[in-house]
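Novice: I am sharing query-v9.txt, which consists of compact mmCIF, C-alpha atoms:
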# COMPACT_ATOMS: atom_id res chain seq x y z
CA MET A 1 -9.21 -31.49 64.37
CA GLY A 2 -9.23 -34.11 61.61
CA LYS A 3 -11.70 -32.11 59.51
CA ARG A 4 -9.75 -28.92 60.06
CA ASN A 5 -6.48 -30.53 58.90
CA ALA A 6 -8.22 -31.89 55.80
CA TRP A 7 -9.46 -28.43 54.82
CA ILE A 8 -5.98 -26.95 55.36
CA ARG A 9 -4.46 -29.61 53.05
CA ILE A 10 -7.06 -28.91 50.35
CA LEU A 11 -6.43 -25.16 50.57
CA CYS A 12 -2.67 -25.70 50.23
CA LEU A 13 -3.15 -27.90 47.18
CA LEU A 14 -5.33 -25.27 45.52
CA LEU A 15 -2.77 -22.54 46.18
CA VAL A 16 0.17 -24.62 44.91
CA GLY A 17 -1.79 -25.71 41.86
CA GLY A 18 -2.64 -22.12 41.02
CA LEU A 19 0.98 -21.00 41.25
CA LEU A 20 2.19 -23.88 39.09
CA GLY A 21 -0.51 -23.17 36.55
CA ALA A 22 0.66 -19.58 36.29
CA MET A 23 4.27 -20.65 35.73
CA LEU A 24 3.88 -23.62 33.37
CA PRO A 25 3.49 -23.12 29.59
CA GLY A 26 -0.17 -23.12 28.70
CA GLY A 27 -1.25 -22.31 32.19
CA LEU A 28 -3.77 -19.52 32.65
CA PRO A 29 -4.35 -18.71 28.97
CA GLN A 30 -6.22 -15.54 29.93
CA ALA A 31 -3.11 -14.12 31.61
CA ALA A 32 -0.87 -15.11 28.68
CA ALA A 33 -3.17 -13.28 26.29
CA ALA A 34 -3.13 -10.08 28.32
CA GLY A 35 -2.06 -7.14 26.15
CA SER A 36 -2.58 -8.99 22.87
CA ARG A 37 -4.95 -7.75 20.20
CA GLN A 38 -6.47 -8.93 16.97
CA VAL A 39 -5.59 -7.39 13.61
CA LYS A 40 -7.86 -7.88 10.60
CA ILE A 41 -6.91 -6.14 7.37
CA SER A 42 -9.15 -6.80 4.37
CA ILE A 43 -8.14 -6.03 0.77
CA ALA A 44 -11.52 -4.67 -0.20
CA GLU A 45 -10.85 -3.31 -3.69
CA VAL A 46 -8.06 -3.45 -6.26
CA ASN A 47 -8.33 -1.65 -9.61
CA HIS A 48 -5.71 -1.99 -12.39
CA CYS A 49 -2.69 -2.60 -10.17
CA ASP A 50 -0.74 -5.38 -8.44
CA ILE A 51 -0.53 -5.29 -4.65
CA TYR A 52 2.20 -6.54 -2.32
CA TYR A 53 2.64 -6.46 1.42
CA CYS A 54 5.60 -6.83 3.71
CA GLU A 55 5.47 -7.57 7.40
CA GLY A 56 9.09 -7.76 8.52
CA GLY A 57 10.23 -9.94 5.61
CA GLU A 58 10.00 -10.38 1.85
CA LEU A 59 7.36 -8.91 -0.44
CA VAL A 60 4.26 -11.09 -0.72
CA PRO A 61 1.62 -10.64 -3.48
CA ILE A 62 -1.92 -10.14 -2.19
CA GLU A 63 -5.18 -9.85 -4.12
CA GLU A 64 -8.64 -8.38 -3.76
CA GLY A 65 -10.73 -10.33 -1.27
CA GLN A 66 -7.80 -11.62 0.79
CA VAL A 67 -7.65 -10.94 4.53
CA ILE A 68 -4.68 -10.69 6.88
CA ASN A 69 -5.52 -11.96 10.37
CA LYS A 70 -3.00 -11.71 13.18
CA THR A 71 -2.74 -11.66 16.95
CA THR A 72 -0.14 -9.14 18.01
CA THR A 73 1.29 -7.51 21.10
CA GLY A 74 3.10 -4.21 21.36
CA ASN A 75 3.77 -1.98 18.37
CA TYR A 76 2.43 -3.14 14.99
CA GLY A 77 3.26 -2.12 11.45
CA ILE A 78 2.72 -3.47 7.94
CA LEU A 79 3.71 -2.04 4.53
CA PHE A 80 1.64 -2.25 1.36
CA PHE A 81 2.91 -1.46 -2.14
CA ALA A 82 1.08 -0.91 -5.44
CA ALA A 83 2.38 -1.47 -8.98
CA PRO A 84 0.01 0.07 -11.57
CA HIS A 85 -0.56 -1.87 -14.78
CA THR A 86 0.95 -0.62 -18.04
CA GLY A 87 -0.83 2.52 -19.22
CA TYR A 88 -2.26 3.25 -15.76
CA ALA A 89 -1.22 5.50 -12.88
CA LEU A 90 -1.99 5.05 -9.21
CA SER A 91 -4.76 7.40 -8.11
CA ALA A 92 -5.58 6.25 -4.57
CA MET A 93 -4.53 3.98 -1.73
CA THR A 94 -6.94 4.22 1.18
CA ALA A 95 -7.40 2.47 4.51
CA THR A 96 -10.31 2.81 6.91
CA SER A 97 -9.39 3.47 10.55
CA SER A 98 -6.21 5.09 9.26
CA ALA A 99 -4.98 8.33 7.78
CA GLY A 100 -4.94 6.51 4.45
CA ASP A 101 -1.97 8.44 3.16
CA TYR A 102 0.30 7.02 0.50
CA TYR A 103 3.84 7.89 -0.41
CA THR A 104 5.90 7.84 -3.60
CA ILE A 105 8.78 5.40 -3.07
CA SER A 106 10.78 6.11 -6.22
CA ASN A 107 12.81 9.22 -6.88
CA GLY A 108 14.93 7.81 -9.70
CA GLU A 109 17.04 5.77 -7.29
CA PRO A 110 16.66 1.96 -7.24
CA ASN A 111 16.50 1.91 -3.43
CA GLY A 112 14.10 4.83 -3.05
CA ALA A 113 16.76 7.16 -1.62
CA GLY A 114 15.47 10.73 -1.41
CA SER A 115 11.88 9.72 -2.20
CA GLU A 116 8.79 11.07 -0.47
CA PHE A 117 8.61 7.92 1.62
CA TYR A 118 11.82 8.91 3.40
CA THR A 119 11.25 12.66 3.55
CA TYR A 120 7.57 12.72 4.57
CA SER A 121 7.08 14.67 7.79
CA ASN A 122 10.77 14.66 8.70
CA GLY A 123 11.15 10.90 8.32
CA LYS A 124 7.96 9.88 10.12
CA ASN A 125 7.59 6.68 8.05
CA VAL A 126 11.08 5.45 8.91
CA THR A 127 10.54 6.30 12.58
CA ASN A 128 7.30 4.30 12.64
CA LEU A 129 8.95 1.33 10.93
CA LYS A 130 11.85 1.34 13.38
CA ARG A 131 9.34 1.42 16.22
CA VAL A 132 7.85 -1.87 15.02
CA GLY A 133 11.22 -3.56 14.59
CA TYR A 134 12.58 -2.71 11.13
CA SER A 135 16.22 -1.73 10.68
CA GLU A 136 17.41 0.88 8.17
CA ASP A 137 18.94 -1.89 6.04
CA GLN A 138 15.64 -3.80 6.00
CA ILE A 139 13.71 -0.72 4.94
CA GLU A 140 16.12 -0.04 2.09
CA ARG A 141 16.03 -3.69 0.96
CA ILE A 142 12.22 -3.76 0.99
CA LEU A 143 11.93 -0.53 -1.03
CA THR A 144 14.51 -1.85 -3.50
CA GLN A 145 12.44 -5.01 -4.03
CA ALA A 146 9.22 -3.04 -4.41
CA ILE A 147 10.68 -0.65 -6.98
CA ALA A 148 12.20 -3.59 -8.90
CA VAL A 149 8.73 -5.14 -9.44
CA GLY A 150 7.21 -1.86 -10.64
CA CYS A 151 5.72 -0.44 -7.45
CA ASP A 152 5.35 3.33 -7.40
CA ASP A 153 3.84 3.97 -3.99
CA ALA A 154 3.61 2.59 -0.47
CA LEU A 155 1.06 2.70 2.32
CA LEU A 156 2.28 2.22 5.90
CA PHE A 157 -0.34 0.91 8.33
CA SER A 158 1.00 1.13 11.89
CA ARG A 159 -0.24 1.26 15.46
CA PRO A 160 1.69 2.00 18.68
CA ALA A 161 1.42 -0.28 21.70
CA SER A 162 -0.51 2.47 23.48
CA ASP A 163 -3.31 2.11 20.91
CA THR A 164 -5.03 -0.87 22.49
CA GLY A 165 -8.01 -2.85 21.26
CA ALA A 166 -8.74 -4.80 18.08
CA ILE A 167 -7.64 -3.33 14.74
CA SER A 168 -9.86 -3.69 11.69
CA SER A 169 -9.36 -1.95 8.35
CA ASN A 170 -10.50 -2.19 4.74
CA LEU A 171 -7.90 -1.24 2.14
CA MET A 172 -8.49 -0.05 -1.44
CA PHE A 173 -5.94 0.39 -4.21
CA CYS A 174 -6.89 2.13 -7.45
CA ALA A 175 -5.13 3.09 -10.67
CA GLU A 176 -6.71 5.01 -13.54
CA LYS A 177 -5.93 4.79 -17.23
CA LEU A 178 -3.53 7.47 -18.40
CA PRO A 179 -4.73 9.93 -21.07
CA THR A 180 -3.62 9.17 -24.62
CA LEU A 181 -2.17 11.71 -27.03
CA GLU A 182 -2.58 11.49 -30.81
CA LYS A 183 -0.83 13.78 -33.29
CA HIS A 184 -2.43 14.45 -36.68
CA ILE A 185 -1.47 16.60 -39.69
CA LYS A 186 -4.26 19.17 -39.95
CA SER A 187 -3.21 21.41 -42.86
CA VAL A 188 -0.33 22.72 -44.95
CA THR A 189 0.57 26.41 -45.30
CA PRO A 190 2.39 27.21 -48.59
CA LYS A 191 5.84 28.74 -48.12
CA ASN A 192 4.86 31.79 -50.15
CA GLY A 193 1.74 32.42 -48.11
CA GLY A 194 -1.85 31.95 -49.13
CA GLN A 195 -4.66 29.82 -47.81
CA ASP A 196 -3.92 26.74 -45.73
CA LYS A 197 -4.65 23.54 -47.60
CA PRO A 198 -6.50 20.88 -45.58
CA TYR A 199 -4.28 17.84 -45.40
CA THR A 200 -5.33 14.70 -47.24
CA GLU A 201 -3.50 11.41 -47.34
CA GLY A 202 -0.80 11.42 -50.07
CA MET A 203 -1.02 15.13 -50.92
CA SER A 204 2.14 16.89 -52.10
CA VAL A 205 4.02 19.04 -49.59
CA GLY A 206 6.68 21.39 -50.95
CA LEU A 207 10.05 22.24 -49.42
CA GLY A 208 9.54 25.15 -47.04
CA ASP A 209 5.80 24.59 -46.64
CA THR A 210 4.58 24.70 -43.04
CA ILE A 211 2.85 21.61 -41.73
CA ASN A 212 0.23 22.28 -39.08
CA TYR A 213 -0.58 19.57 -36.55
CA SER A 214 -3.48 18.94 -34.20
CA LEU A 215 -3.10 17.15 -30.86
CA ASP A 216 -5.99 15.05 -29.58
CA VAL A 217 -5.91 14.21 -25.87
CA THR A 218 -8.33 11.52 -24.70
CA PHE A 219 -9.21 11.12 -21.02
CA TYR A 220 -10.73 7.82 -19.93
CA LEU A 221 -13.61 7.54 -17.51
CA SER A 222 -14.23 4.40 -15.50
CA VAL A 223 -17.63 3.81 -17.11
CA GLY A 224 -18.46 0.13 -17.17
CA GLU A 225 -15.56 -0.68 -14.87
CA LYS A 226 -15.46 -1.09 -11.12
CA THR A 227 -15.98 2.07 -9.17
CA ILE A 228 -12.79 4.05 -8.73
CA CYS A 229 -11.80 4.50 -5.10
CA SER A 230 -12.44 7.91 -3.67
Using the file provided, produce a representation of the structure as structure tokens.
Specialist:
Amino acid sequence: MGKRNAWIRILCLLLVGGLLGAMLPGGLPQAAAAGSRQVKISIAEVNHCDIYYCEGGELVPIEEGQVINKTTTGNYGILFFAAPHTGYALSAMTATSSAGDYYTISNGEPNGAGSEFYTYSNGKNVTNLKRVGYSEDQIERILTQAIAVGCDDALLFSRPASDTGAISSNLMFCAEKLPTLEKHIKSVTPKNGGQDKPYTEGMSVGLGDTINYSLDVTFYLSVGEKTICS
């Protein structure tokens, strides 16, 4: 009987200890982590633009080579914005393991009202942001900040809670140099007709003469620079 009572006491201690461990903070870390998932977003390439991200708060600058690592539960969403450098225009924002779409955030209004970001697919972006905890006021404030620092476009990276498992994505942001336009005087046509006179610096042009111009448009290729995202 003594041995039997001893085993019963040990069994009771194990059961009580297990229940307490499940209830106390830090107990059973495996159970606490149930439903969580890892998010790893790498800024793989940035060409001729400044990048910002926002995850429920203020805009934060982020550069090529930086990585965002998080452990999340439930719905997840993060916004990225790109501000092309002077003389450049955004050509691509892409994300692996994602649709990789990007949206114009400015429509002439400082808060992005009426822009593609709001109107895309009947407000899909706003719906996704609300799903991960953003309010309409927060969305407007974030877009206002992004437009104020020169951002033209946004990329929304989101996942619903039903999409389980680790999330890993490489993001690329690319802007290309805008074409330049040069205007030159090519020739002068006398007002009374006759042959056009090739223009030379300092030549005399009479009242009523027609000045003919040529327009030279130069497109820039990314030769010698980093590969443009595709």
Novice: Which of these, A:Gly65, A:Tyr76, A:Glu55, A:Arg141, has the shortest distance to Ser162 of chain A once you count only C-alpha atoms?
Specialist: A:Tyr76
Novice: Provide the atom CA of Glu116 of chain A to atom CA of Thr104 of chain A distance in Å, to one decimal place.
Specialist: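 Atom CA of Thr104 of chain A lies at a distance of 5.3 Å from atom CA of Glu116 of chain A.
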Novice: Hey, what's within 9 Å of Asn170 of chain A if we count only C-alpha atoms and toss same-chain stuff fewer than 4 positions away? As a short mmCIF file (atom, residue, chain, number, x, y, z; two decimals) with C-alpha atoms, in the frame of the given file, please?
Specialist:
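Output file selection-v6.cif is given in full below:
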data_model
loop_
_atom_site.label_atom_id
_atom_site.label_comp_id
_atom_site.auth_asym_id
_atom_site.auth_seq_id
_atom_site.Cartn_x
_atom_site.Cartn_y
_atom_site.Cartn_z
CA LYS A 40 -7.86 -7.88 10.60
CA ILE A 41 -6.91 -6.14 7.37
CA SER A 42 -9.15 -6.80 4.37
CA ILE A 43 -8.14 -6.03 0.77
CA ALA A 44 -11.52 -4.67 -0.20
CA GLU A 45 -10.85 -3.31 -3.69
CA THR A 94 -6.94 4.22 1.18
CA ALA A 95 -7.40 2.47 4.51
CA THR A 96 -10.31 2.81 6.91
CA SER A 97 -9.39 3.47 10.55
#
Novice: Please provide the set of residues having any atom within 8 Å of segment 179-194 of chain A, restricted to all atoms listed in the file, with same-chain residues fewer than 2 positions apart removed, written as a PyMOL selection string.
Specialist: chain A and resi 177+196-199+205-220
Novice: Using only C-alpha atoms, please write the residues we just selected to a file, as a PDB file, keeping the file's coordinate frame.
Specialist:
ATOM      1  CA  LYS A 177      -5.930   4.790 -17.230  1.00  0.00           C
ATOM      2  CA  ASP A 196      -3.920  26.740 -45.730  1.00  0.00           C
ATOM      3  CA  LYS A 197      -4.650  23.540 -47.600  1.00  0.00           C
ATOM      4  CA  PRO A 198      -6.500  20.880 -45.580  1.00  0.00           C
ATOM      5  CA  TYR A 199      -4.280  17.840 -45.400  1.00  0.00           C
ATOM      6  CA  VAL A 205       4.020  19.040 -49.590  1.00  0.00           C
ATOM      7  CA  GLY A 206       6.680  21.390 -50.950  1.00  0.00           C
ATOM      8  CA  LEU A 207      10.050  22.240 -49.420  1.00  0.00           C
ATOM      9  CA  GLY A 208       9.540  25.150 -47.040  1.00  0.00           C
ATOM     10  CA  ASP A 209       5.800  24.590 -46.640  1.00  0.00           C
ATOM     11  CA  THR A 210       4.580  24.700 -43.040  1.00  0.00           C
ATOM     12  CA  ILE A 211       2.850  21.610 -41.730  1.00  0.00           C
ATOM     13  CA  ASN A 212       0.230  22.280 -39.080  1.00  0.00           C
ATOM     14  CA  TYR A 213      -0.580  19.570 -36.550  1.00  0.00           C
ATOM     15  CA  SER A 214      -3.480  18.940 -34.200  1.00  0.00           C
ATOM     16  CA  LEU A 215      -3.100  17.150 -30.860  1.00  0.00           C
ATOM     17  CA  ASP A 216      -5.990  15.050 -29.580  1.00  0.00           C
ATOM     18  CA  VAL A 217      -5.910  14.210 -25.870  1.00  0.00           C
ATOM     19  CA  THR A 218      -8.330  11.520 -24.700  1.00  0.00           C
ATOM     20  CA  PHE A 219      -9.210  11.120 -21.020  1.00  0.00           C
ATOM     21  CA  TYR A 220     -10.730   7.820 -19.930  1.00  0.00           C
TER      22      TYR A 220
END
Novice: List the neighbours of Gly112 of chain A out to 12 Å using all atoms listed in the file; skip same-chain residues closer than 6 positions along the sequence, and give me the result as a list in words.
Specialist: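 Skipping anything fewer than 6 positions along the chain leaves Tyr103, Thr104, Ile105, Ser106, Tyr118, Thr119, Ile139, Glu140, Arg141, Ile142, Leu143, Thr144, Gln145, Ala146, Ile147, Ala148, Cys151, Asp152, Asp153 and Ala154 of chain A.
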Novice: In Å to one decimal, how far is atom CA of Gly77 of chain A from atom CA of Asn128 of chain A?
Specialist: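 Answer for the atom CA of Asn128 of chain A to atom CA of Gly77 of chain A separation: 7.7 Å.
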Novice: Could you pull the residues within 8 Å of Tyr88 of chain A, counting all atoms listed in the file, minus those fewer than 6 positions along the same chain, as a PyMOL selection string?
Specialist: chain A and resi 48+175-178
Novice: Would you work out the distance separating atom CA of Ala92 of chain A from atom CA of Phe173 of chain A, expressed in Å to one decimal?
Specialist: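 Straight-line distance from atom CA of Ala92 of chain A to atom CA of Phe173 of chain A works out to 5.9 Å.
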Novice: Looking at all atoms listed in the file, which of A:Met93, A:Val149, A:Leu156, A:Ala83 is the one that sits closest to Val126 of chain A?
Specialist: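 Nearest to Val126 of chain A: A:Leu156.
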Novice: So, counting only C-alpha atoms, which residue among A:Gly133, A:Gly202, A:Gly87, A:Gly165 is closest to Asn75 of chain A?
Specialist: A:Gly133
Novice: What would the list of residues within 10 Å of (-5.4, -12.2, -2.9) (file frame) look like as a list in words, if only C-alpha atoms are what count?
Specialist: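 Counting only C-alpha atoms, I find these residues within 10 Å of (-5.4, -12.2, -2.9): Ser42, Ile43, Val46, Asp50, Ile51, Tyr52, Val60, Pro61, Ile62, Glu63, Glu64, Gly65, Gln66, Val67 and Ile68 of chain A.
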Novice: Output the selection as a compact mmCIF listing (two decimals), keeping the file's coordinate frame - C-alpha atoms for each residue.
Specialist:
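Contents of out-v7.txt, freshly written:
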# COMPACT_ATOMS: atom_id res chain seq x y z
CA SER A 42 -9.15 -6.80 4.37
CA ILE A 43 -8.14 -6.03 0.77
CA VAL A 46 -8.06 -3.45 -6.26
CA ASP A 50 -0.74 -5.38 -8.44
CA ILE A 51 -0.53 -5.29 -4.65
CA TYR A 52 2.20 -6.54 -2.32
CA VAL A 60 4.26 -11.09 -0.72
CA PRO A 61 1.62 -10.64 -3.48
CA ILE A 62 -1.92 -10.14 -2.19
CA GLU A 63 -5.18 -9.85 -4.12
CA GLU A 64 -8.64 -8.38 -3.76
CA GLY A 65 -10.73 -10.33 -1.27
CA GLN A 66 -7.80 -11.62 0.79
CA VAL A 67 -7.65 -10.94 4.53
CA ILE A 68 -4.68 -10.69 6.88
Novice: For Thr86 of chain A, which of A:Gly150, A:Ser135, A:Leu59, A:Pro110 is the closest residue, counting all atoms listed in the file?
Specialist: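 Closest residue, counting all atoms listed in the file: A:Gly150.
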Novice: Fewer than 6 positions away in the same chain doesn't count, so skip those; otherwise give me all residues within 7 Å of Cys54 of chain A, counting all atoms listed in the file, as a PyMOL selection string.
Specialist: chain A and resi 60+78-80
